[in-house]
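Student: First, the structure itself, so that you have it in front of you.
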Amino acid sequence: NIIVVFTGCGTEADNLAIHLALQANPHVSKPHIVTSNVEHPAITQYLNALEQENKITVTYVPVNNEGIVSAQDMIHAITSETILVTLMLANNESGSIQPVKEVSSYCQSKSILFHTDAAQAVGKISIALNNDGIGDAVDMVTIVGHKFGAPKGIACLYVKPHCFTTKGNRVEPKHYMLLGGGQEGGKRAGTENVPYIVAMGVAADILMEQQQTKPAG
């Protein structure tokens, strides 16, 4: 099962993914997060702010000359305090595809949450959560509407339900993204931007139709 949480932009979705990982691991005194050194500022700026506030530690794994990070380097950066690995699927400047499937599979085996920002990948490569796409081990995925034809100002975060639970706790606590009204299942309060959500859905439908009718090769 996947929970789709609509947001105002990809930056919000990326920030919320980090926020959820921290909520899910309150027992870790100094949470550690692993990422690459070519992530979008929506990831790096938020991580840097949290690190400056002494709330987390971060390892930025460098990429090679082709802009691709080694899956093994990402895995070797993981420690006993790691609560999240966040790795973009496709880079917004170089177009390099990162080894999301390999790294997320390892994270799943160690019960570490994995997030990918797939904003630049939608419509270009499959982001399906199966073996034909990015694999079924990814816990959170950022999708940005205007990257595939929707208006600017709408995005979403795909979230697996266990991301809303405290690690090791079978009873779901009141984890949240924004507090207020009961919108979006109480996870992200605030009146939904229904016209833009509908537009994002229509854009996704059109994209899928185009992909299905596109000649092979």
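We name chains A, B, ... following the order of the structure tokens; residues begin at 1 in each chain, and ligands are numbered from 1 as shown.
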Where does DSSP see alpha helix (DSSP H) in region 31-203 of chain A, if you list the residues as a count of residues only?
Tutor: 38
Student: Name the residues in contact with Ser94 (chain A) at a cut-off of 10 Å, using only C-alpha atoms, excluding same-chain residues fewer than 5 positions from it; report them as a VMD selection string.
Tutor: chain A and resid 38 66 to 68
Student: With 7 Å as the cut-off and only C-alpha atoms counted, what is the closest atom pair between each nearby residue of region 12-54 of chain A and region 72-86 of chain A? Distances in Å to one decimal, ordered by chain and number, as JSON lines.
Tutor:
{"residue": "A:Ala21", "atom": "CA", "partner": "A:Leu84", "partner_atom": "CA", "distance": 6.3}
{"residue": "A:Asn25", "atom": "CA", "partner": "A:Ile83", "partner_atom": "CA", "distance": 6.8}
{"residue": "A:Val28", "atom": "CA", "partner": "A:Glu81", "partner_atom": "CA", "distance": 6.7}
{"residue": "A:Pro31", "atom": "CA", "partner": "A:Glu81", "partner_atom": "CA", "distance": 5.6}
{"residue": "A:His32", "atom": "CA", "partner": "A:Thr82", "partner_atom": "CA", "distance": 4.3}
{"residue": "A:Ile33", "atom": "CA", "partner": "A:Leu84", "partner_atom": "CA", "distance": 5.0}
{"residue": "A:Val34", "atom": "CA", "partner": "A:Val85", "partner_atom": "CA", "distance": 4.7}
{"residue": "A:Thr35", "atom": "CA", "partner": "A:Thr86", "partner_atom": "CA", "distance": 5.2}
Student: Take the residues from that selection and write them out as a PDB file, in the first residue's frame, keeping N, CA and C atoms.
Tutor:
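Output below, filename part.pdb:
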ATOM      1  N   ALA A  21      11.273  10.706   8.648  1.00  0.00           N
ATOM      2  CA  ALA A  21      12.329   9.800   9.105  1.00  0.00           C
ATOM      3  C   ALA A  21      12.760  10.135  10.526  1.00  0.00           C
ATOM      4  N   ASN A  25      12.172   7.765  14.252  1.00  0.00           N
ATOM      5  CA  ASN A  25      13.340   7.286  14.998  1.00  0.00           C
ATOM      6  C   ASN A  25      13.662   8.189  16.189  1.00  0.00           C
ATOM      7  N   VAL A  28      16.874   7.526  18.594  1.00  0.00           N
ATOM      8  CA  VAL A  28      18.263   7.744  18.173  1.00  0.00           C
ATOM      9  C   VAL A  28      18.697   9.131  18.637  1.00  0.00           C
ATOM     10  N   PRO A  31      20.649  11.289  15.161  1.00  0.00           N
ATOM     11  CA  PRO A  31      20.348  10.593  13.907  1.00  0.00           C
ATOM     12  C   PRO A  31      21.355  10.929  12.811  1.00  0.00           C
ATOM     13  N   HIS A  32      21.659   9.916  12.006  1.00  0.00           N
ATOM     14  CA  HIS A  32      22.608  10.058  10.906  1.00  0.00           C
ATOM     15  C   HIS A  32      21.868   9.847   9.592  1.00  0.00           C
ATOM     16  N   ILE A  33      22.136  10.694   8.616  1.00  0.00           N
ATOM     17  CA  ILE A  33      21.508  10.593   7.302  1.00  0.00           C
ATOM     18  C   ILE A  33      22.591  10.537   6.238  1.00  0.00           C
ATOM     19  N   VAL A  34      22.401   9.648   5.273  1.00  0.00           N
ATOM     20  CA  VAL A  34      23.350   9.482   4.173  1.00  0.00           C
ATOM     21  C   VAL A  34      22.711  10.001   2.892  1.00  0.00           C
ATOM     22  N   THR A  35      23.471  10.765   2.123  1.00  0.00           N
ATOM     23  CA  THR A  35      22.998  11.273   0.842  1.00  0.00           C
ATOM     24  C   THR A  35      24.196  11.443  -0.086  1.00  0.00           C
TER      25      THR A  35
END
Student: Write out as a list in words which residues come within 6 Å of region 104-113 of chain A when counting only C-alpha atoms, dropping same-chain ones fewer than 2 positions away.
Tutor: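 Counting only the stated atoms, we get Ile83, Leu84, Val100, Lys101, Glu102, Ala137 and Val138 of chain A.
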Student: Please list as a list in words every residue within 12 Å of Ser126 (chain A), counting only C-alpha atoms and excluding residues in the same chain fewer than 3 positions away.
Tutor: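 With the cut-off at 12 Å, the set is Leu89, Ala90, Ile97, Lys101, Ala118, Ala119, Gln120, Ala121, Val122, Gly123, Leu129, Asn130, Asn131, Asp132, Gly133, Ile134, Gly135, Leu207, Met208 and Gln211 of chain A.
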Student: Where does region 91-187 of chain A meet region 13-20 of chain A within 9 Å, residue by residue, with the nearest atom pair and distance in Å to one decimal for each, counting only C-alpha atoms, listed by chain and rising number, as CSV?
Tutor:
residue,atom,partner,partner_atom,distance
A:His115,CA,A:Ala17,CA,6.9
A:Thr116,CA,A:Asp14,CA,8.5
A:Asp117,CA,A:Asp14,CA,7.0
A:Met140,CA,A:Ala17,CA,6.8
A:Val141,CA,A:Ala17,CA,8.4
A:Thr142,CA,A:Ala13,CA,5.9
A:Ile143,CA,A:Ala13,CA,8.1
A:Val144,CA,A:Ala13,CA,8.8
A:Ala155,CA,A:Ala13,CA,7.2
A:Cys156,CA,A:Ala13,CA,6.2
A:Leu157,CA,A:Ala13,CA,5.4
A:Val159,CA,A:Ala17,CA,8.4
A:Cys163,CA,A:Leu20,CA,6.6
A:Phe164,CA,A:Leu20,CA,6.8
A:His175,CA,A:Leu20,CA,7.6
A:Tyr176,CA,A:Leu20,CA,7.6
A:Met177,CA,A:Leu16,CA,6.3
Student: Save out the residues we just selected, C-alpha atoms, as a JSON list (two decimals), in the first residue's frame.
Tutor:
[["chain", "number", "residue", "atom", "x", "y", "z"],
["A", 115, "HIS", "CA", 13.76, 8.27, 0.03],
["A", 116, "THR", "CA", 14.31, 9.27, -3.58],
["A", 117, "ASP", "CA", 13.56, 12.55, -5.32],
["A", 140, "MET", "CA", 9.25, 7.54, -0.01],
["A", 141, "VAL", "CA", 9.24, 9.13, -3.49],
["A", 142, "THR", "CA", 9.00, 12.82, -4.38],
["A", 143, "ILE", "CA", 7.01, 13.61, -7.55],
["A", 144, "VAL", "CA", 6.72, 17.16, -8.98],
["A", 155, "ALA", "CA", 3.70, 17.90, -6.05],
["A", 156, "CYS", "CA", 3.32, 14.82, -3.93],
["A", 157, "LEU", "CA", 5.19, 12.43, -1.69],
["A", 159, "VAL", "CA", 4.86, 7.24, 1.40],
["A", 163, "CYS", "CA", 7.00, 5.55, 7.55],
["A", 164, "PHE", "CA", 4.30, 6.95, 9.82],
["A", 175, "HIS", "CA", 2.98, 11.17, 13.28],
["A", 176, "TYR", "CA", 2.29, 14.18, 11.12],
["A", 177, "MET", "CA", 3.64, 16.53, 8.50]]
Student: So which residues touch Gly153 (chain A) within 12 Å, counting only C-alpha atoms, skipping near sequence neighbours fewer than 3 positions away, as a PyMOL selection string?
Tutor: chain A and resi 6-13+143-147+149-150+156+192-197+199-200
Student: Could you tell me how far CA of Met88 (chain A) sits from CA of Ile56 (chain A), in Å to one decimal place?
Tutor: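 It comes out at 19.9 Å.
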Student: Expressed in Å to a single decimal, how great is the separation between CA of Asp205 (chain A) and CA of Gly182 (chain A)?
Tutor: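 So the answer is 27.8 Å.
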